[in-house]
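target.txt follows; it contains compact mmCIF, C-alpha atoms.
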```txt
# COMPACT_ATOMS: atom_id res chain seq x y z
CA MET I 9 110.68 -114.07 17.79
CA THR I 10 113.67 -115.20 15.71
CA ARG I 11 111.89 -113.91 12.66
CA ASN I 12 111.40 -110.54 14.36
CA ALA I 13 115.07 -110.47 15.37
CA ASP I 14 116.15 -111.19 11.80
CA GLU I 15 113.87 -108.47 10.53
CA THR I 16 115.24 -105.97 13.07
CA ARG I 17 118.80 -106.93 12.16
CA ARG I 18 117.99 -106.42 8.47
CA ARG I 19 116.52 -102.96 9.14
CA ILE I 20 119.57 -101.98 11.21
CA MET I 21 121.95 -103.13 8.44
CA ALA I 22 120.01 -101.17 5.82
CA ALA I 23 119.94 -98.03 7.95
CA ALA I 24 123.63 -98.37 8.89
CA THR I 25 124.59 -98.83 5.23
CA GLY I 26 122.97 -95.51 4.39
CA GLU I 27 124.45 -93.77 7.42
CA PHE I 28 128.04 -94.99 6.89
CA ALA I 29 127.94 -94.44 3.13
CA ARG I 30 126.91 -90.84 3.73
CA TYR I 31 128.96 -89.88 6.79
CA GLY I 32 131.80 -92.41 7.14
CA ILE I 33 132.83 -94.07 10.39
CA ALA I 34 133.76 -90.97 12.41
CA GLY I 35 130.78 -89.03 11.11
CA ALA I 36 128.16 -91.75 11.55
CA ARG I 37 125.77 -91.48 14.50
CA VAL I 38 124.40 -94.69 15.95
CA ASP I 39 121.33 -92.87 17.25
CA ARG I 40 120.44 -91.81 13.70
CA VAL I 41 120.79 -95.46 12.64
CA ALA I 42 118.54 -96.51 15.52
CA GLU I 43 115.91 -93.97 14.55
CA ALA I 44 115.97 -94.89 10.84
CA ALA I 45 115.78 -98.60 11.72
CA ARG I 46 112.97 -98.02 14.26
CA SER I 47 115.21 -99.70 16.83
CA SER I 48 117.43 -98.49 19.71
CA LYS I 49 121.11 -97.89 20.33
CA GLU I 50 121.04 -100.59 23.01
CA ARG I 51 119.65 -103.14 20.54
CA ILE I 52 122.26 -102.18 17.93
CA TYR I 53 125.13 -102.55 20.41
CA ALA I 54 123.71 -105.88 21.59
CA TYR I 55 123.54 -107.20 18.02
CA PHE I 56 126.68 -105.72 16.48
CA GLY I 57 129.02 -104.49 19.22
CA ASN I 58 130.41 -100.97 18.88
CA LYS I 59 130.21 -98.52 15.95
CA ASP I 60 133.41 -99.87 14.36
CA GLU I 61 132.02 -103.40 14.43
CA LEU I 62 128.76 -102.20 12.93
CA PHE I 63 130.77 -100.63 10.10
CA ASP I 64 132.67 -103.90 9.62
CA ALA I 65 129.39 -105.80 9.28
CA VAL I 66 128.06 -103.29 6.76
CA PHE I 67 131.26 -103.12 4.72
CA SER I 68 131.80 -106.89 4.65
CA ALA I 69 128.25 -107.37 3.39
CA SER I 70 128.80 -104.71 0.72
CA VAL I 71 132.05 -106.35 -0.45
CA ARG I 72 130.37 -109.76 -0.57
CA GLU I 73 127.50 -108.38 -2.65
CA THR I 74 129.87 -106.61 -5.04
CA LEU I 75 132.02 -109.71 -5.54
CA GLN I 76 128.87 -111.77 -6.19
CA ALA I 77 127.27 -109.24 -8.52
CA VAL I 78 130.29 -108.55 -10.73
CA SER I 79 132.63 -111.45 -11.39
CA PHE I 80 136.15 -110.75 -12.50
CA ASP I 81 136.89 -112.16 -15.95
CA ALA I 82 140.52 -112.08 -17.07
CA ALA I 83 139.41 -113.25 -20.52
CA ASP I 84 137.11 -110.21 -20.91
CA LEU I 85 138.65 -107.36 -18.93
CA PRO I 86 136.86 -104.56 -20.84
CA GLY I 87 133.55 -106.30 -20.08
CA TYR I 88 134.46 -106.74 -16.41
CA ALA I 89 135.48 -103.09 -16.05
CA GLY I 90 132.31 -101.96 -17.81
CA ARG I 91 130.15 -104.03 -15.46
CA MET I 92 131.98 -102.54 -12.46
CA SER I 93 131.32 -99.06 -13.85
CA ASP I 94 127.60 -99.88 -14.08
CA TYR I 95 127.62 -101.42 -10.61
CA PHE I 96 129.16 -98.31 -9.06
CA ALA I 97 126.68 -96.11 -10.97
CA ASP I 98 123.79 -98.17 -9.57
CA HIS I 99 125.31 -98.62 -6.08
CA PRO I 100 127.20 -95.43 -5.26
CA GLU I 101 127.02 -96.43 -1.59
CA ALA I 102 129.25 -99.47 -2.32
CA GLN I 103 131.93 -97.20 -3.77
CA ARG I 104 131.62 -94.70 -0.91
CA LEU I 105 131.84 -97.42 1.77
CA SER I 106 134.97 -98.75 0.16
CA THR I 107 136.52 -95.27 0.07
CA TRP I 108 135.68 -94.59 3.73
CA TYR I 109 137.19 -97.96 4.57
CA ARG I 110 140.42 -97.03 2.79
CA LEU I 111 140.61 -93.63 4.50
CA GLU I 112 139.50 -94.60 7.99
CA ARG I 113 140.89 -98.14 8.26
CA PRO I 114 144.28 -97.88 6.58
CA GLU I 115 145.72 -100.57 8.83
CA GLY I 116 144.40 -103.83 10.14
CA ALA I 117 144.28 -107.40 8.98
CA GLY I 118 142.19 -106.70 5.91
CA LEU I 119 139.24 -108.69 4.64
CA ARG I 120 140.07 -112.27 3.69
CA ALA I 121 137.59 -112.14 0.78
CA VAL I 122 139.39 -109.12 -0.69
CA ILE I 123 142.87 -110.57 -0.18
CA GLU I 124 141.83 -113.80 -1.90
CA ALA I 125 140.08 -111.97 -4.73
CA ASN I 126 143.22 -109.88 -5.35
CA GLN I 127 145.41 -112.98 -5.46
CA ASP I 128 143.06 -114.86 -7.80
CA ARG I 129 142.98 -111.86 -10.10
CA LEU I 130 146.75 -111.47 -10.20
CA ARG I 131 147.15 -115.16 -11.07
CA ALA I 132 144.52 -114.92 -13.80
CA LEU I 133 146.17 -111.82 -15.30
CA ALA I 134 149.57 -113.53 -15.32
CA GLY I 135 147.96 -116.51 -17.07
CA GLU I 136 146.46 -114.34 -19.81
CA GLN I 137 149.82 -112.63 -20.27
CA ALA I 138 151.62 -115.99 -20.50
CA ARG I 139 149.21 -116.95 -23.29
CA GLY I 140 149.94 -113.68 -25.08
CA ARG I 141 146.31 -112.58 -24.98
CA ILE I 142 146.97 -109.30 -23.15
CA ALA I 143 149.86 -106.86 -23.14
CA GLY I 144 152.95 -108.03 -21.31
CA GLU I 145 154.30 -104.52 -20.80
CA PHE I 146 152.61 -104.13 -17.39
CA SER I 147 153.08 -106.43 -14.42
CA PRO I 148 149.89 -108.12 -13.14
CA VAL I 149 149.97 -105.81 -10.10
CA GLU I 150 150.21 -102.75 -12.36
CA LEU I 151 147.42 -104.03 -14.59
CA LEU I 152 145.08 -104.73 -11.69
CA SER I 153 145.70 -101.30 -10.16
CA LEU I 154 145.06 -99.56 -13.49
CA ILE I 155 141.96 -101.60 -14.37
CA GLN I 156 140.36 -101.03 -10.96
CA ALA I 157 141.09 -97.29 -11.13
CA ILE I 158 139.62 -97.02 -14.62
CA ALA I 159 136.52 -99.03 -13.61
CA ALA I 160 135.97 -96.73 -10.62
CA SER I 161 136.95 -93.54 -12.43
CA TRP I 162 133.56 -91.83 -12.73
CA GLY I 163 132.94 -92.05 -9.00
CA THR I 164 136.32 -90.63 -8.02
CA MET I 165 136.29 -87.26 -9.79
CA ASN I 166 136.29 -84.05 -7.79
CA PRO I 167 132.82 -82.58 -7.15
CA GLU I 168 133.69 -79.59 -9.37
CA PHE I 169 133.71 -82.03 -12.30
CA ALA I 170 130.14 -83.19 -11.66
CA GLY I 171 128.65 -80.50 -13.86
CA GLU I 172 130.95 -81.38 -16.76
CA ALA I 173 130.23 -85.10 -16.35
CA ALA I 174 126.46 -84.72 -15.95
CA GLY I 175 125.94 -85.08 -19.70
CA VAL I 176 127.71 -88.45 -19.86
CA SER I 177 125.14 -91.25 -19.52
CA ARG I 178 125.64 -94.45 -17.56
CA ALA I 179 126.01 -96.33 -20.86
CA ALA I 180 128.57 -93.85 -22.20
CA ARG I 181 130.54 -94.11 -18.95
CA ARG I 182 130.55 -97.89 -19.21
CA ALA I 183 131.61 -97.72 -22.87
CA ALA I 184 134.46 -95.28 -22.13
CA VAL I 185 135.71 -97.51 -19.30
CA ALA I 186 135.56 -100.62 -21.48
CA ARG I 187 137.38 -98.92 -24.37
CA ALA I 188 140.06 -97.56 -22.04
CA VAL I 189 140.73 -101.08 -20.71
CA SER I 190 140.80 -102.48 -24.27
CA ARG I 191 143.50 -100.00 -25.13
CA LEU I 192 145.39 -100.76 -21.93
CA ILE I 193 145.62 -104.50 -22.54
CA ALA I 194 145.92 -104.69 -26.32
CA PRO I 195 148.96 -106.85 -27.12
CA ALA I 196 151.69 -104.76 -28.74
CA PRO I 197 151.47 -104.90 -32.51
CA ALA I 198 154.01 -107.30 -34.00
CA SER I 199 157.23 -105.57 -35.04
CA PRO I 200 157.36 -105.03 -38.79
CA PRO I 201 159.52 -107.64 -40.48
CA ALA I 202 163.13 -106.50 -40.81
CA MET E 10 153.54 -59.12 16.72
CA THR E 11 152.42 -59.52 13.10
CA ARG E 12 155.37 -61.80 12.53
CA ASN E 13 154.35 -63.90 15.54
CA ALA E 14 150.78 -64.04 14.27
CA ASP E 15 151.96 -65.22 10.85
CA GLU E 16 154.11 -67.86 12.47
CA THR E 17 151.21 -69.08 14.64
CA ARG E 18 148.93 -69.19 11.61
CA ARG E 19 151.54 -71.22 9.72
CA ARG E 20 151.86 -73.71 12.58
CA ILE E 21 148.06 -74.07 12.81
CA MET E 22 147.81 -74.70 9.05
CA ALA E 23 150.55 -77.35 9.19
CA ALA E 24 148.97 -79.10 12.16
CA ALA E 25 145.48 -78.91 10.64
CA THR E 26 146.75 -80.35 7.35
CA GLY E 27 148.05 -83.41 9.17
CA GLU E 28 144.92 -83.74 11.29
CA PHE E 29 142.43 -83.45 8.40
CA ALA E 30 144.50 -85.68 6.09
CA ARG E 31 144.48 -88.40 8.72
CA TYR E 32 140.97 -88.11 10.18
CA GLY E 33 138.82 -86.17 7.71
CA ILE E 34 136.44 -83.37 8.62
CA ALA E 35 134.10 -85.27 10.97
CA GLY E 36 136.99 -87.14 12.59
CA ALA E 37 139.30 -84.14 13.08
CA ARG E 38 139.60 -82.65 16.57
CA VAL E 39 140.41 -78.97 16.85
CA ASP E 40 141.96 -79.53 20.29
CA ARG E 41 144.48 -81.95 18.77
CA VAL E 42 145.31 -79.29 16.15
CA ALA E 43 145.74 -76.72 18.93
CA GLU E 44 148.07 -79.00 20.85
CA ALA E 45 150.18 -79.91 17.81
CA ALA E 46 150.43 -76.23 16.83
CA ARG E 47 151.25 -75.14 20.40
CA SER E 48 148.23 -72.82 20.19
CA SER E 49 144.67 -72.90 21.53
CA LYS E 50 141.19 -73.70 20.20
CA GLU E 51 140.19 -70.08 20.89
CA ARG E 52 143.07 -68.78 18.74
CA ILE E 53 142.20 -71.21 15.94
CA TYR E 54 138.54 -70.17 15.94
CA ALA E 55 139.56 -66.50 16.00
CA TYR E 56 141.85 -66.97 12.98
CA PHE E 57 139.89 -69.43 10.87
CA GLY E 58 136.27 -69.62 12.08
CA ASN E 59 134.78 -73.06 12.69
CA LYS E 60 136.20 -76.52 11.88
CA ASP E 61 134.65 -76.55 8.40
CA GLU E 62 136.26 -73.23 7.58
CA LEU E 63 139.60 -74.47 8.88
CA PHE E 64 139.27 -77.45 6.53
CA ASP E 65 138.45 -75.10 3.65
CA ALA E 66 141.61 -73.09 4.32
CA VAL E 67 143.73 -76.26 4.45
CA PHE E 68 142.17 -77.84 1.37
CA SER E 69 142.31 -74.66 -0.72
CA ALA E 70 146.00 -74.29 0.11
CA SER E 71 146.62 -77.92 -0.83
CA VAL E 72 144.83 -77.52 -4.17
CA ARG E 73 146.79 -74.34 -4.91
CA GLU E 74 150.08 -76.08 -4.16
CA THR E 75 149.18 -79.09 -6.30
CA LEU E 76 148.15 -76.93 -9.26
CA GLN E 77 151.39 -74.98 -8.95
CA ALA E 78 153.63 -78.01 -8.53
CA VAL E 79 152.23 -80.09 -11.40
CA SER E 80 151.11 -78.21 -14.46
CA PHE E 81 148.70 -79.85 -16.86
CA ASP E 82 150.19 -80.34 -20.31
CA ALA E 83 147.80 -81.47 -23.04
CA ALA E 84 150.79 -81.87 -25.38
CA ASP E 85 152.43 -84.37 -22.99
CA LEU E 86 149.67 -86.16 -21.13
CA PRO E 87 151.76 -89.23 -20.18
CA GLY E 88 154.34 -86.88 -18.65
CA TYR E 89 151.65 -84.93 -16.79
CA ALA E 90 150.05 -88.10 -15.41
CA GLY E 91 153.46 -89.44 -14.38
CA ARG E 92 154.27 -86.22 -12.53
CA MET E 93 150.91 -86.40 -10.75
CA SER E 94 151.69 -89.99 -9.75
CA ASP E 95 154.99 -88.82 -8.25
CA TYR E 96 153.32 -85.88 -6.55
CA PHE E 97 150.74 -88.11 -4.87
CA ALA E 98 153.50 -90.54 -3.84
CA ASP E 99 155.41 -87.65 -2.24
CA HIS E 100 152.32 -85.88 -0.84
CA PRO E 101 149.83 -88.56 0.18
CA GLU E 102 148.12 -85.96 2.37
CA ALA E 103 147.13 -83.99 -0.77
CA GLN E 104 145.38 -87.04 -2.20
CA ARG E 105 143.71 -87.87 1.12
CA LEU E 106 142.46 -84.28 1.62
CA SER E 107 140.97 -84.33 -1.84
CA THR E 108 139.22 -87.65 -1.14
CA TRP E 109 137.80 -86.41 2.19
CA TYR E 110 136.60 -83.30 0.38
CA ARG E 111 134.79 -85.43 -2.20
CA LEU E 112 133.20 -87.63 0.46
CA GLU E 113 132.35 -85.01 3.05
CA ARG E 114 131.57 -82.03 0.84
CA PRO E 115 129.65 -83.52 -2.06
CA GLU E 116 127.63 -80.35 -2.50
CA GLY E 117 128.46 -76.69 -2.37
CA ALA E 118 129.74 -74.11 -4.76
CA GLY E 119 133.06 -75.80 -5.46
CA LEU E 120 136.46 -74.21 -5.65
CA ARG E 121 136.83 -71.66 -8.40
CA ALA E 122 140.44 -72.74 -9.03
CA VAL E 123 139.33 -76.33 -9.64
CA ILE E 124 136.40 -75.34 -11.86
CA GLU E 125 138.68 -73.15 -13.97
CA ALA E 126 141.40 -75.82 -14.14
CA ASN E 127 138.84 -78.40 -15.33
CA GLN E 128 137.56 -76.06 -18.03
CA ASP E 129 141.06 -75.15 -19.24
CA ARG E 130 141.94 -78.82 -19.43
CA LEU E 131 138.83 -79.77 -21.37
CA ARG E 132 139.51 -77.00 -23.90
CA ALA E 133 143.14 -78.08 -24.27
CA LEU E 134 142.15 -81.73 -24.77
CA ALA E 135 139.60 -80.74 -27.44
CA GLY E 136 142.33 -78.72 -29.15
CA GLU E 137 144.74 -81.65 -29.24
CA GLN E 138 141.99 -83.86 -30.62
CA ALA E 139 141.11 -81.31 -33.31
CA ARG E 140 144.77 -81.40 -34.40
CA GLY E 141 144.65 -85.20 -34.53
CA ARG E 142 147.42 -85.57 -31.96
CA ILE E 143 145.40 -87.68 -29.53
CA ALA E 144 142.66 -90.25 -29.96
CA GLY E 145 139.29 -88.83 -30.96
CA GLU E 146 137.37 -91.85 -29.69
CA PHE E 147 136.86 -90.36 -26.22
CA SER E 148 135.17 -87.04 -25.48
CA PRO E 149 137.34 -84.51 -23.61
CA VAL E 150 135.28 -85.13 -20.45
CA GLU E 151 135.87 -88.89 -20.76
CA LEU E 152 139.58 -88.39 -21.38
CA LEU E 153 140.03 -86.08 -18.39
CA SER E 154 138.17 -88.46 -16.08
CA LEU E 155 140.25 -91.44 -17.25
CA ILE E 156 143.59 -89.60 -17.11
CA GLN E 157 142.95 -88.28 -13.59
CA ALA E 158 141.89 -91.74 -12.38
CA ILE E 159 144.98 -93.37 -13.88
CA ALA E 160 147.27 -90.70 -12.40
CA ALA E 161 145.75 -91.23 -8.95
CA SER E 162 145.47 -95.02 -9.28
CA TRP E 163 148.15 -96.13 -6.84
CA GLY E 164 146.65 -94.11 -4.01
CA THR E 165 143.12 -95.41 -4.51
CA MET E 166 143.59 -99.17 -4.21
CA ASN E 167 142.02 -101.05 -1.31
CA PRO E 168 144.32 -101.53 1.72
CA GLU E 169 144.37 -105.29 1.07
CA PHE E 170 146.32 -104.52 -2.10
CA ALA E 171 149.09 -102.69 -0.25
CA GLY E 172 151.12 -105.85 0.27
CA GLU E 173 150.96 -106.72 -3.43
CA ALA E 174 151.86 -103.18 -4.44
CA ALA E 175 154.70 -102.77 -1.93
CA GLY E 176 157.22 -104.11 -4.44
CA VAL E 177 156.35 -101.50 -7.06
CA SER E 178 158.71 -98.52 -6.71
CA ARG E 179 157.72 -94.89 -7.10
CA ALA E 180 159.49 -94.83 -10.47
CA ALA E 181 157.74 -98.01 -11.66
CA ARG E 182 154.39 -96.56 -10.59
CA ARG E 183 155.08 -93.38 -12.54
CA ALA E 184 156.18 -95.39 -15.59
CA ALA E 185 153.07 -97.58 -15.49
CA VAL E 186 150.82 -94.52 -15.23
CA ALA E 187 152.61 -92.78 -18.11
CA ARG E 188 152.43 -95.87 -20.35
CA ALA E 189 148.76 -96.38 -19.55
CA VAL E 190 148.01 -92.80 -20.60
CA SER E 191 150.10 -93.23 -23.78
CA ARG E 192 147.96 -96.21 -24.72
CA LEU E 193 144.78 -94.34 -23.87
CA ILE E 194 145.48 -91.38 -26.13
CA ALA E 195 147.33 -93.01 -29.04
CA PRO E 196 145.59 -91.93 -32.26
CA ALA E 197 143.92 -94.93 -33.92
CA PRO E 198 146.23 -96.52 -36.47
CA ALA E 199 145.40 -95.43 -40.00
CA SER E 200 143.12 -97.88 -41.79
CA PRO E 201 145.04 -100.06 -44.21
CA PRO E 202 144.68 -98.81 -47.78
CA ALA E 203 141.72 -100.45 -49.52
```

Please rewrite the model in this file as structure tokens.
Amino acid sequence: MTRNADETRRRIMAAATGEFARYGIAGARVDRVAEAARSSKERIYAYFGNKDELFDAVFSASVRETLQAVSFDAADLPGYAGRMSDYFADHPEAQRLSTWYRLERPEGAGLRAVIEANQDRLRALAGEQARGRIAGEFSPVELLSLIQAIAASWGTMNPEFAGEAAGVSRAARRAAVARAVSRLIAPAPASPPA
Amino acid sequence: MTRNADETRRRIMAAATGEFARYGIAGARVDRVAEAARSSKERIYAYFGNKDELFDAVFSASVRETLQAVSFDAADLPGYAGRMSDYFADHPEAQRLSTWYRLERPEGAGLRAVIEANQDRLRALAGEQARGRIAGEFSPVELLSLIQAIAASWGTMNPEFAGEAAGVSRAARRAAVARAVSRLIAPAPASPPA
């Protein structure tokens, strides 16, 4: 029985991930999730609470998977950004869930895992700057904002750009992202001797 | 009468802009728009058609205003990106509408104004590269994707980052965006003489 319940829960999560990634919170329909999961609305509410709580379960799981799959590396920021670019190419639903979350949940306590990841990253960036390994001309907050935006860039273009971008392979996208971050963080060249 | 109709139409557009920016297409409620515009659902449907068509009117107007307010300048890309950063800071609803559009309207013909703007920009970037004024290591498509992502960066961070970013002023955000684009496009330093 427990095994069946776990299996049902897993099917509901998978179906809800697809539904929320496609339609967002307001647009999602719990009865479509129930149908896709071969379950029922009543079962979903009993397991997860209301639609907002179902979204929270789906989004938290997606964040956890992303953080596990792609580890931040302040000592290799181009590599990190390139891996994020690949991850978003392979998991567009992760990027869409995170965008829905930003649009539809602008307030609230925030996810502890994300808050802690941000703080760890800012500390690590400041450390690399203190050691002179990356440019000091941006604050850690500015650097993190720019690096995340560059890593996510291919998934944030307007749909009209899709045709133009269709010829750029996953590998070329990753390479462009990594090179952009290299340029961003390169320590300023030493001033010529006076 | 015509003057009244124009005025009603203007109030509906303003109310619908706020409603769609906040809630998206699926989440928007035409009766809230009617109330905020001191009009009626029937009047709105008569003027604009259904909710999707009302969104199209609002989003097209927003795109037109953005394109008019911030002109692309391939000869001064850091300046362009900085102005976009300011524009998004001053008009967060423009950035939100464009994100809802991407999420909720992934398919469709696309807006002619956006398609043409993309193509003009790609040609202009290729021209600057041919003249050696900006880095040739990215394709025009890669450059445009990266520049747009950097310009929009501050409005695309996760909500958990808002606390960290609160101390970064509008001017500092613009400056960081402009410097990031400068680094992105700087022509490679000449190889040292052999």

Edge lengths and centre in Å to one decimal, as lines of an AutoDock Vina configuration file, of the axis-aligned box that encloses all listed atoms of range 144-153 of chain E with 6 Å added on every side?
```
center_x = 138.9
center_y = -88.2
center_z = -24.7
size_x = 19.5
size_y = 19.3
size_z = 24.6
```

Quiz item: Counting all atoms listed in the file, what is within 7 Å of Ala30 in chain E, bar same-chain residues fewer than 4 positions away, as number ranges by chain?
Solution: E: 26, 102, 105-106

So that I have them on file, write out the residues from the current selection with C-alpha atoms, as a compact mmCIF listing (two decimals), in the coordinates of the input.
```txt
# COMPACT_ATOMS: atom_id res chain seq x y z
CA THR E 26 146.75 -80.35 7.35
CA GLU E 102 148.12 -85.96 2.37
CA ARG E 105 143.71 -87.87 1.12
CA LEU E 106 142.46 -84.28 1.62
```

Would you list which chain E residues are within 8 Å of chain I using only C-alpha atoms, as a compact mmCIF listing (two decimals) with C-alpha atoms, in the frame of the given file?
```txt
# COMPACT_ATOMS: atom_id res chain seq x y z
CA ARG E 31 144.48 -88.40 8.72
CA TYR E 32 140.97 -88.11 10.18
CA ALA E 35 134.10 -85.27 10.97
CA GLY E 36 136.99 -87.14 12.59
CA ARG E 105 143.71 -87.87 1.12
CA SER E 107 140.97 -84.33 -1.84
CA ARG E 111 134.79 -85.43 -2.20
CA LEU E 112 133.20 -87.63 0.46
CA GLU E 113 132.35 -85.01 3.05
CA PRO E 115 129.65 -83.52 -2.06
CA GLU E 116 127.63 -80.35 -2.50
CA GLY E 119 133.06 -75.80 -5.46
CA LEU E 120 136.46 -74.21 -5.65
CA VAL E 123 139.33 -76.33 -9.64
CA ILE E 124 136.40 -75.34 -11.86
CA ASN E 127 138.84 -78.40 -15.33
CA PHE E 147 136.86 -90.36 -26.22
CA VAL E 150 135.28 -85.13 -20.45
CA GLU E 151 135.87 -88.89 -20.76
CA SER E 154 138.17 -88.46 -16.08
CA LEU E 155 140.25 -91.44 -17.25
CA GLN E 157 142.95 -88.28 -13.59
CA ALA E 158 141.89 -91.74 -12.38
CA ILE E 159 144.98 -93.37 -13.88
CA ALA E 161 145.75 -91.23 -8.95
CA SER E 162 145.47 -95.02 -9.28
CA TRP E 163 148.15 -96.13 -6.84
CA THR E 165 143.12 -95.41 -4.51
CA MET E 166 143.59 -99.17 -4.21
CA ASN E 167 142.02 -101.05 -1.31
CA PRO E 168 144.32 -101.53 1.72
CA GLU E 169 144.37 -105.29 1.07
CA PHE E 170 146.32 -104.52 -2.10
CA GLU E 173 150.96 -106.72 -3.43
CA ALA E 174 151.86 -103.18 -4.44
CA ARG E 182 154.39 -96.56 -10.59
CA ALA E 185 153.07 -97.58 -15.49
CA VAL E 186 150.82 -94.52 -15.23
CA ALA E 189 148.76 -96.38 -19.55
CA ARG E 192 147.96 -96.21 -24.72
CA LEU E 193 144.78 -94.34 -23.87
```

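Of the residues listed (E:Val39, E:Ala98, E:Val67, E:Ala78), E:Val67 shows the shortest atom-to-atom separation from Arg19 in chain E; distances use only C-alpha atoms.
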
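Between Leu76 in chain E and the residues E:Tyr96, E:Phe64, E:Tyr56, E:Phe29, the shortest atom-to-atom distance, using all atoms listed in the file, involves E:Tyr96.
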
Just want the 9 Å neighbourhood of Ala197 in chain E, counted on only C-alpha atoms, with same-chain residues fewer than 5 positions away dropped. Output as a CSV table (one decimal) with C-alpha atoms, in the frame of the given file.
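What landed in out-v8.csv:
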```
chain,number,residue,atom,x,y,z
E,143,ILE,CA,145.4,-87.7,-29.5
E,144,ALA,CA,142.7,-90.2,-30.0
E,145,GLY,CA,139.3,-88.8,-31.0
E,146,GLU,CA,137.4,-91.8,-29.7
```

Self-check item: Who sits within 10 Å of Gly87 in chain I, all atoms listed in the file, same chain under 2 positions skipped, as a count of residues only
Solution: 18

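The residue that comes closest to Ala44 in chain I, out of I:Asp128, I:Asp98, I:Glu136, I:Glu27 and on the basis of all atoms listed in the file, is I:Glu27.
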
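Of the listed residues (I:Phe67, I:Pro195, I:Ala54, I:Leu133), I:Phe67 comes nearest to Ala22 in chain I; the distances count all atoms listed in the file.
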
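Interatomic distance, CA of Arg41 in chain E to CA of Asp60 in chain I: 21.5 Å.
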
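For the set E:Arg179, E:Arg38, E:Arg130, E:Lys50, the residue with the smallest atom-to-atom gap to Tyr89 in chain E is E:Arg130, counting only C-alpha atoms.
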
Self-check item: Separation of CA of Glu16 in chain E from CA of Ser69 in chain E in Å
Solution: 19.0 Å

If you keep C-alpha atoms, can you output range 166-194 of chain I as a compact mmCIF listing (two decimals), in the first residue's frame?
```txt
# COMPACT_ATOMS: atom_id res chain seq x y z
CA ASN I 166 11.51 36.66 -27.12
CA PRO I 167 9.76 33.99 -29.22
CA GLU I 168 10.37 36.07 -32.36
CA PHE I 169 14.08 35.32 -31.88
CA ALA I 170 13.56 31.55 -31.94
CA GLY I 171 13.97 31.34 -35.69
CA GLU I 172 17.24 33.29 -35.60
CA ALA I 173 18.55 31.17 -32.72
CA ALA I 174 17.48 27.82 -34.19
CA GLY I 175 20.83 27.43 -35.95
CA VAL I 176 22.83 27.78 -32.73
CA SER I 177 23.50 24.31 -31.28
CA ARG I 178 23.41 23.42 -27.60
CA ALA I 179 27.22 23.23 -27.62
CA ALA I 180 27.56 26.62 -29.32
CA ARG I 181 25.15 28.15 -26.78
CA ARG I 182 27.19 26.72 -23.93
CA ALA I 183 30.44 27.97 -25.50
CA ALA I 184 29.04 31.50 -26.02
CA VAL I 185 27.83 31.62 -22.41
CA ALA I 186 31.19 30.41 -21.08
CA ARG I 187 33.14 32.91 -23.20
CA ALA I 188 30.86 35.77 -22.15
CA VAL I 189 31.48 34.95 -18.47
CA SER I 190 35.25 34.68 -19.10
CA ARG I 191 35.20 38.18 -20.51
CA LEU I 192 33.06 39.44 -17.64
CA ILE I 193 35.41 38.24 -14.91
CA ALA I 194 38.82 38.67 -16.53
```
